[in-house]
Amino acid sequence: MDEEIKFYLDEAEESMGKALEHTTVEFSRIRAGKASPAMLDSLRVDYYGTPTPLGNVANVSAPDARTLYIKPWEKNMVGEIVKAIKNSDLGLNPQSDAEGVRLNIPAMTEERRRELVKQAKSESEGGKVRIRGIRKDVNESLRKLQKDGASEDAVKDAEAKVQKFTDAYISKVDEVLSKKETEIMTI
């Protein structure tokens with residue numbers, strides 16, 4: 001039974017780590033005023049009739065804090081990239097030349113910054129909900145083990161460890177949110 005309890009504890013910690021990682025990735029997609037290639041991660045480009053992630057057809061770089069430069073592997077993709085950006089919800093105006101596409105990232109208004117902070121808080125709450133869901137699932141599994149003959153003390157100890165993991169990962173989500181809020185609100 002001890003191996004099974006350890007298995008559930010390891011699974012809980014690993015899953016909570018993945019939930020934190022997912023939340024961090026979602027945060028990277030929230031624009032913070034600085035140009036970041038991650039802003040374009042969700043953009044799909046029509047590559048010979050197939051919607052393809054931008055990163056699979058081009059190199060995206062940030063030559064400075066307000067500019068992104070997209071250099072496609074094939075020059076004939078410039079037009080498709082421009083079309084994909086214009087059709088996206090990014091609100092950016094692409095400028096193209098023969099080699100690639102340049103995106104100037106405008107400074108954000110105070111109102112827009114507040115909207116992005118709300119979005120970040122919503123993402124962090126989603127991450128916390130995922131972590132609490134993992135806690136609930138693991139605790140249910142531990143209680144089933146107790147019904148199957150595991151000692152009550154071992155299960156109680158394991159539940160206490162799961163709660164420690166939960167508290168630690170929720171605290172980490174709060175830390176990441178705090179950094180993102182500062183990044184968004186810094187002009």
# chains A, B, ... in the order shown; residues from 1 in each chain; ligands from 1
call {"tool": "select_by_dssp", "arguments": {"residues": "chain A", "states": "helix (DSSP H, G or I)", "output": "NGL selection string"}}
result
:A and (2-28 or 37-40 or 54-56 or 75-87 or 110-147 or 152-185)
call {"tool": "write_last_selection", "arguments": {"atoms": "C-alpha atoms", "output": "short mmCIF file (atom, residue, chain, number, x, y, z; two decimals), in the first residue's frame"}}
result
data_model
loop_
_atom_site.label_atom_id
_atom_site.label_comp_id
_atom_site.auth_asym_id
_atom_site.auth_seq_id
_atom_site.Cartn_x
_atom_site.Cartn_y
_atom_site.Cartn_z
CA ASP A 2 2.89 2.38 0.73
CA GLU A 3 4.01 2.19 -2.91
CA GLU A 4 0.52 3.12 -4.06
CA ILE A 5 0.39 6.09 -1.69
CA LYS A 6 3.81 7.24 -2.93
CA PHE A 7 2.59 6.82 -6.51
CA TYR A 8 -0.40 9.10 -5.85
CA LEU A 9 1.79 11.69 -4.11
CA ASP A 10 4.26 11.71 -7.02
CA GLU A 11 1.40 11.96 -9.47
CA ALA A 12 -0.11 14.88 -7.53
CA GLU A 13 3.15 16.83 -7.50
CA GLU A 14 3.83 16.16 -11.18
CA SER A 15 0.29 17.16 -12.22
CA MET A 16 0.40 20.33 -10.13
CA GLY A 17 3.74 21.20 -11.73
CA LYS A 18 2.15 20.78 -15.16
CA ALA A 19 -0.78 23.00 -14.14
CA LEU A 20 1.70 25.71 -13.05
CA GLU A 21 3.62 25.31 -16.32
CA HIS A 22 0.39 25.63 -18.33
CA THR A 23 -0.54 28.81 -16.45
CA THR A 24 2.94 30.23 -17.10
CA VAL A 25 2.61 29.48 -20.83
CA GLU A 26 -0.80 31.21 -20.89
CA PHE A 27 0.77 34.24 -19.19
CA SER A 28 3.48 34.41 -21.87
CA PRO A 37 7.91 36.17 -30.07
CA ALA A 38 5.58 34.18 -27.74
CA MET A 39 2.81 36.66 -28.64
CA LEU A 40 2.55 34.90 -32.01
CA LEU A 54 3.86 30.33 -37.49
CA GLY A 55 6.96 28.90 -35.79
CA ASN A 56 6.95 26.01 -38.29
CA LYS A 75 9.94 33.91 -49.34
CA ASN A 76 6.57 33.15 -50.94
CA MET A 77 5.09 32.81 -47.42
CA VAL A 78 5.36 36.58 -46.68
CA GLY A 79 1.88 37.26 -48.11
CA GLU A 80 0.29 34.38 -46.17
CA ILE A 81 1.89 35.59 -42.93
CA VAL A 82 0.60 39.14 -43.51
CA LYS A 83 -2.89 37.75 -44.21
CA ALA A 84 -2.82 35.58 -41.06
CA ILE A 85 -1.80 38.55 -38.88
CA LYS A 86 -4.49 40.81 -40.36
CA ASN A 87 -7.15 38.11 -39.84
CA GLU A 110 -3.87 52.42 -19.11
CA GLU A 111 -7.29 50.92 -19.84
CA ARG A 112 -5.76 48.16 -21.99
CA ARG A 113 -3.21 47.39 -19.28
CA ARG A 114 -6.02 46.98 -16.73
CA GLU A 115 -7.86 44.63 -19.11
CA LEU A 116 -4.71 42.52 -19.47
CA VAL A 117 -4.26 42.39 -15.69
CA LYS A 118 -7.85 41.09 -15.44
CA GLN A 119 -7.04 38.49 -18.10
CA ALA A 120 -3.93 37.45 -16.17
CA LYS A 121 -5.93 37.14 -12.93
CA SER A 122 -8.47 34.99 -14.76
CA GLU A 123 -5.68 32.72 -16.06
CA SER A 124 -4.18 32.43 -12.57
CA GLU A 125 -7.58 31.52 -11.13
CA GLY A 126 -7.88 28.83 -13.80
CA GLY A 127 -4.49 27.45 -12.76
CA LYS A 128 -5.54 27.41 -9.09
CA VAL A 129 -8.77 25.61 -9.97
CA ARG A 130 -6.76 22.96 -11.86
CA ILE A 131 -4.44 22.50 -8.86
CA ARG A 132 -7.38 22.18 -6.44
CA GLY A 133 -9.01 19.68 -8.81
CA ILE A 134 -5.84 17.58 -8.74
CA ARG A 135 -5.88 17.71 -4.92
CA LYS A 136 -9.51 16.53 -4.88
CA ASP A 137 -8.83 13.65 -7.30
CA VAL A 138 -5.76 12.45 -5.42
CA ASN A 139 -7.50 12.66 -2.04
CA GLU A 140 -10.39 10.58 -3.43
CA SER A 141 -7.90 7.98 -4.66
CA LEU A 142 -6.21 7.93 -1.24
CA ARG A 143 -9.58 7.39 0.49
CA LYS A 144 -10.26 4.45 -1.84
CA LEU A 145 -6.90 2.99 -0.77
CA GLN A 146 -7.98 3.36 2.86
CA LYS A 147 -11.18 1.41 2.09
CA GLU A 152 -5.79 5.54 8.28
CA ASP A 153 -2.63 7.25 9.57
CA ALA A 154 -0.77 6.67 6.29
CA VAL A 155 -3.68 8.11 4.31
CA LYS A 156 -3.99 11.13 6.65
CA ASP A 157 -0.24 11.79 6.29
CA ALA A 158 -0.53 11.53 2.52
CA GLU A 159 -3.50 13.93 2.46
CA ALA A 160 -1.46 16.40 4.54
CA LYS A 161 1.38 16.15 1.98
CA VAL A 162 -1.08 16.71 -0.89
CA GLN A 163 -2.33 19.83 0.92
CA LYS A 164 1.28 21.06 1.28
CA PHE A 165 1.81 20.55 -2.47
CA THR A 166 -1.45 22.39 -3.16
CA ASP A 167 -0.46 25.35 -0.96
CA ALA A 168 3.02 25.50 -2.50
CA TYR A 169 1.79 25.43 -6.11
CA ILE A 170 -0.98 27.95 -5.49
CA SER A 171 1.65 30.21 -3.94
CA LYS A 172 3.82 29.76 -7.06
CA VAL A 173 0.86 30.70 -9.30
CA ASP A 174 0.41 33.85 -7.18
CA GLU A 175 4.11 34.68 -7.59
CA VAL A 176 3.94 34.28 -11.37
CA LEU A 177 0.77 36.43 -11.45
CA SER A 178 2.45 39.15 -9.39
CA LYS A 179 5.42 39.25 -11.80
CA LYS A 180 3.07 39.37 -14.81
CA GLU A 181 1.01 42.19 -13.28
CA THR A 182 4.18 44.21 -12.68
CA GLU A 183 5.34 43.51 -16.24
CA ILE A 184 1.97 44.61 -17.68
CA MET A 185 1.66 47.78 -15.59
#
call {"tool": "select_by_dssp", "arguments": {"residues": "range 61-175 of chain A", "states": "strand (DSSP E)", "output": "PyMOL selection string"}}
result
chain A and resi 61-64+67-72+94-96+101-104
call {"tool": "atom_distance", "arguments": {"atom1": "CA of Leu92 in chain A", "atom2": "CA of Ile105 in chain A"}}
result
7.1 Å
call {"tool": "residues_around", "arguments": {"residues": "Ala35 in chain A", "least_positions_apart": "3", "cutoff": "6 Å", "atoms": "only C-alpha atoms", "output": "PyMOL selection string"}}
result
chain A and resi 65-67
call {"tool": "closest_residue", "arguments": {"among": "A:Val57, A:Leu90, A:Ala150, A:Leu68", "to": "Ser42 in chain A", "atoms": "only C-alpha atoms"}}
result
A:Leu90
call {"tool": "closest_residue", "arguments": {"among": "A:Ser61, A:Ser151, A:Ser88, A:Thr52", "to": "Gly100 in chain A", "atoms": "only C-alpha atoms"}}
result
A:Ser61
